[in-house]
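Report on one structure; see the data block that follows.
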Amino acid sequence: MNYLSAENLSKSTGERWLFKNITFGLSKGDKVALVGRNGTGKTSLMDVLAGLQTAEEGVISIRKEVRLGYLSQNPALDENQTVLDILFLGDSPLLQAIRSYEKALIDGSDQEISDAAEEMEAQKAWDYESKVKQVLGRLGVAEENFTKLIGQLSGGQRKRVALAKVLLEEPDLLILDEPTNHLDLEAIEWLENYLGTANTTLLLVTHDRYFLDRVCNEILELADGSIYRYKGNYSYFLERQSERYASEASSVDKAQNLLRKELEWMRRQPKARGTKAQYRIDAFYDLQDKANQGRKESNVELNIGMARLGSKIIELDHIKKAFGPLKSSRISNTFSGGENELVSLGKMALVNQRFWTF
């Protein structure tokens, strides 16, 4: 069953096209990762799919009965609501059942209370509050923060609350933009298991390769304004991507060789160009665009064995630290890979952090 269809979508920043005429779909049960280099338009595409931005061209269709949940990079939450209040707001059938039952208890008839209780049972809503607290705890939101106003929380805590909200709503189609940001290792592992086993259709953006491999079984790559689909995990994607790069490089080489011949033809008798076949002139300019693709990427360093979707995470330059008479040596370094790395800085250490950028 097709949940979402995007047909011929195009989006620009005003100065350049982020993507042009891309088409893809999401079916029930798909768990898809959207990958691409920084600046290719991944977040803009997610916002367009969620209805927060509009595309210049194209059509998005979501099946009528499908409920969509979206976690943006910077979720907007009412700063005057408490954490628990935020998680009891929403239009999901479960939350509607809770509100109907509470209203019936205040001013409803016996029949209305009975009907509301039946709906609570159907939605399995009786233990919702305990489930809310459990999910918040799993995501690292301390119990003392449950009654705090959103405006009193840090940016990281707000993102965790927003993630908890979208998970608890249990939408049919879940779109997540960098869900592991601000999560510690324990929370990430819980989220991996939750999304990997949940009966939810998923589209996510993440720079965490390990998270991606454990949760998703399909890759959408946004590159050069186009979309490429790969049925498999991230390792499979890297293999197919390298093959595509090799094929594209070969095509560019052929185009450049042919361009030299066509250029000679175009330069012959320029005053009589009106007599030249127009279709061949048009084909020349198309060929020129294709041949120039190699020049556009000539300064881009690509490591086929390790595609870098992000940039370096931490750079240390001339760092020193002392504990009384004990001093560390001066350190300059950049971290860009590895799980659970331990980097000693004299007596200091970075433990249980993920520094990968692949």
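By convention here, the chains of the structure tokens are called A, B, ... in the order presented, each chain's residues are numbered starting at 1, and ligands are numbered starting at 1 in the order presented.
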Original post:
Any idea what's packed within 10 Å of Glu143 (chain A), counting only C-alpha atoms, ignoring anything in its chain fewer than 4 positions away? Could you give it as a count of residues only?
Top reply: 6
**OP:** Using only C-alpha atoms, determine which residues lie at most 8 Å from Leu4 (chain A), disregarding the query and same-chain residues fewer than 2 positions distant; provide the list as a PyMOL selection string.
**Re:** chain A and resi 2+6+25-27+60-63
Write out, as a PDB file, in the first residue's frame, the residues just selected, with N, CA, C and O atoms.
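Contents of part.pdb, as written:
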ATOM      1  N   ASN A   2       0.620   2.141  -0.943  1.00  0.00           N
ATOM      2  CA  ASN A   2       1.420   3.355  -1.054  1.00  0.00           C
ATOM      3  C   ASN A   2       0.927   4.404  -0.058  1.00  0.00           C
ATOM      4  O   ASN A   2      -0.244   4.770  -0.058  1.00  0.00           O
ATOM      5  N   ALA A   6       5.676  11.388  -4.103  1.00  0.00           N
ATOM      6  CA  ALA A   6       6.214  12.693  -4.498  1.00  0.00           C
ATOM      7  C   ALA A   6       6.535  12.622  -5.988  1.00  0.00           C
ATOM      8  O   ALA A   6       7.321  11.781  -6.414  1.00  0.00           O
ATOM      9  N   GLY A  25       8.402   7.288  -3.848  1.00  0.00           N
ATOM     10  CA  GLY A  25       7.249   6.974  -3.023  1.00  0.00           C
ATOM     11  C   GLY A  25       7.643   6.180  -1.797  1.00  0.00           C
ATOM     12  O   GLY A  25       8.737   5.606  -1.740  1.00  0.00           O
ATOM     13  N   LEU A  26       6.765   6.155  -0.817  1.00  0.00           N
ATOM     14  CA  LEU A  26       6.954   5.363   0.396  1.00  0.00           C
ATOM     15  C   LEU A  26       5.742   4.454   0.555  1.00  0.00           C
ATOM     16  O   LEU A  26       4.600   4.925   0.519  1.00  0.00           O
ATOM     17  N   SER A  27       6.003   3.176   0.737  1.00  0.00           N
ATOM     18  CA  SER A  27       4.932   2.207   0.919  1.00  0.00           C
ATOM     19  C   SER A  27       4.875   1.749   2.370  1.00  0.00           C
ATOM     20  O   SER A  27       5.842   1.911   3.124  1.00  0.00           O
ATOM     21  N   ILE A  60       2.660  16.332  -4.040  1.00  0.00           N
ATOM     22  CA  ILE A  60       2.820  15.358  -2.954  1.00  0.00           C
ATOM     23  C   ILE A  60       1.448  14.800  -2.616  1.00  0.00           C
ATOM     24  O   ILE A  60       0.508  15.559  -2.367  1.00  0.00           O
ATOM     25  N   SER A  61       1.343  13.487  -2.592  1.00  0.00           N
ATOM     26  CA  SER A  61       0.074  12.841  -2.261  1.00  0.00           C
ATOM     27  C   SER A  61       0.283  11.914  -1.069  1.00  0.00           C
ATOM     28  O   SER A  61       1.175  11.060  -1.094  1.00  0.00           O
ATOM     29  N   ILE A  62      -0.521  12.090  -0.036  1.00  0.00           N
ATOM     30  CA  ILE A  62      -0.496  11.215   1.139  1.00  0.00           C
ATOM     31  C   ILE A  62      -1.864  10.550   1.251  1.00  0.00           C
ATOM     32  O   ILE A  62      -2.895  11.226   1.188  1.00  0.00           O
ATOM     33  N   ARG A  63      -1.875   9.236   1.391  1.00  0.00           N
ATOM     34  CA  ARG A  63      -3.141   8.504   1.485  1.00  0.00           C
ATOM     35  C   ARG A  63      -4.010   9.104   2.593  1.00  0.00           C
ATOM     36  O   ARG A  63      -3.517   9.436   3.682  1.00  0.00           O
TER      37      ARG A  63
END
Spatial neighbours of region 168-177 of chain A, 7 Å, only C-alpha atoms, chain gap at least 2 places, as a PDB file with C-alpha atoms, in the first residue's frame:
ATOM      1  CA  VAL A  66      -2.526   7.905   6.872  1.00  0.00           C
ATOM      2  CA  ARG A  67      -1.478   9.944   9.934  1.00  0.00           C
ATOM      3  CA  LEU A  68       1.906  11.648   9.545  1.00  0.00           C
ATOM      4  CA  GLY A  69       4.261  12.540  12.392  1.00  0.00           C
ATOM      5  CA  TYR A  70       7.253  14.819  11.846  1.00  0.00           C
ATOM      6  CA  LEU A  71      10.256  15.621  14.012  1.00  0.00           C
ATOM      7  CA  SER A  72      12.066  18.647  12.606  1.00  0.00           C
ATOM      8  CA  GLN A  73      15.607  19.698  13.491  1.00  0.00           C
ATOM      9  CA  SER A  92      -4.393  11.163  17.685  1.00  0.00           C
ATOM     10  CA  ALA A 164       8.837  11.592  22.724  1.00  0.00           C
ATOM     11  CA  LYS A 165       5.683  13.374  21.541  1.00  0.00           C
ATOM     12  CA  VAL A 166       5.934  12.174  17.947  1.00  0.00           C
ATOM     13  CA  PRO A 179      16.488  12.042  15.813  1.00  0.00           C
ATOM     14  CA  THR A 200       5.676   2.118  11.447  1.00  0.00           C
ATOM     15  CA  THR A 201       6.598   3.399   8.014  1.00  0.00           C
ATOM     16  CA  LEU A 202       9.730   5.507   8.469  1.00  0.00           C
ATOM     17  CA  LEU A 203      11.751   8.134   6.631  1.00  0.00           C
ATOM     18  CA  LEU A 204      14.713   9.601   8.517  1.00  0.00           C
ATOM     19  CA  VAL A 205      17.810  11.716   8.117  1.00  0.00           C
ATOM     20  CA  THR A 206      20.785  10.800  10.284  1.00  0.00           C
TER      21      THR A 206
END
**OP:** Rank nothing, just name the residue among A:Glu243, A:Asp85, A:Glu192, A:Glu15 nearest to Val132 (chain A), using only C-alpha atoms.
**Re:** A:Asp85
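For the pair CA of Lys31 (chain A) and CA of Trp190 (chain A), the interatomic distance is 16.9 Å.
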Original post:
Could you pull the residues within 6 Å of region 45-57 of chain A, counting only C-alpha atoms, minus those fewer than 3 positions along the same chain, as number ranges by chain?
Top reply: A: 9-11, 42
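Running DSSP on the backbone gives helix (DSSP H, G or I) for these residues within region 179-235 of chain A: A:Leu185, A:Glu186, A:Ala187, A:Ile188, A:Glu189, A:Trp190, A:Leu191, A:Glu192, A:Asn193, A:Tyr194, A:Leu195, A:Gly196, A:Thr197, A:Arg209, A:Tyr210, A:Phe211, A:Leu212, A:Asp213, A:Arg214, A:Val215, A:Tyr234, A:Ser235.
Among A:Lys124, A:Lys159, A:Lys28, A:Arg37, the residue with the shortest atom-to-atom distance to Val141 (chain A), counting only C-alpha atoms, is A:Lys159.
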Original post:
Contacts of Leu183 (chain A) at 10 Å or less, counting only C-alpha atoms, minus same-chain residues fewer than 5 places along, as a count of residues only?
Top reply: 11
Original post:
Can you tell me, as a PyMOL selection string, what residues are no more than 8 Å from region 193-199 of chain A when counting only C-alpha atoms, ignoring any on the same chain fewer than 4 positions away?
Top reply: chain A and resi 29+189+214-216
Filtering to N, CA and C atoms, could you give me those residues as a PDB file, in the first residue's frame?
ATOM      1  N   GLY A  29       5.302   0.000   5.662  1.00  0.00           N
ATOM      2  CA  GLY A  29       6.369  -0.853   6.174  1.00  0.00           C
ATOM      3  C   GLY A  29       7.764  -0.463   5.752  1.00  0.00           C
ATOM      4  N   GLU A 189      20.442   3.617  21.648  1.00  0.00           N
ATOM      5  CA  GLU A 189      20.232   2.180  21.505  1.00  0.00           C
ATOM      6  C   GLU A 189      18.771   1.811  21.741  1.00  0.00           C
ATOM      7  N   ARG A 214      21.049  -0.237  11.595  1.00  0.00           N
ATOM      8  CA  ARG A 214      20.230  -1.072  12.471  1.00  0.00           C
ATOM      9  C   ARG A 214      18.743  -0.830  12.293  1.00  0.00           C
ATOM     10  N   VAL A 215      18.380   0.313  11.727  1.00  0.00           N
ATOM     11  CA  VAL A 215      16.965   0.667  11.641  1.00  0.00           C
ATOM     12  C   VAL A 215      16.427   0.562  10.214  1.00  0.00           C
ATOM     13  N   CYS A 216      17.210   0.992   9.234  1.00  0.00           N
ATOM     14  CA  CYS A 216      16.711   1.128   7.858  1.00  0.00           C
ATOM     15  C   CYS A 216      17.219   0.015   6.948  1.00  0.00           C
TER      16      CYS A 216
END
Original post:
Rounded to one decimal in Å, what is the spacing between CA of Phe237 (chain A) and CA of Glu218 (chain A)?
Top reply: 8.5 Å
**OP:** Write out as a count of residues only the residues lying within 12 Å of Lys231 (chain A), counting only C-alpha atoms and excluding same-chain residues fewer than 4 positions away.
**Re:** 16
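Considering the residues A:Glu102, A:Glu129, A:Asn74, A:Ala116 and counting only C-alpha atoms, Leu87 (chain A) has its shortest atom-to-atom contact with A:Glu129.
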**OP:** Report as a ChimeraX atom specification: the residues of region 44-283 of chain A with a DSSP assignment of strand (DSSP E), based on the backbone of this structure.
**Re:** /A:57-62,68-71,173-177,201-205,218-223,226-230
**OP:** Would you mind telling me which residue in A:Asp91, A:Glu121, A:Glu79, A:Asp110 lies nearest to Gly155 (chain A) when using only C-alpha atoms?
**Re:** A:Glu79
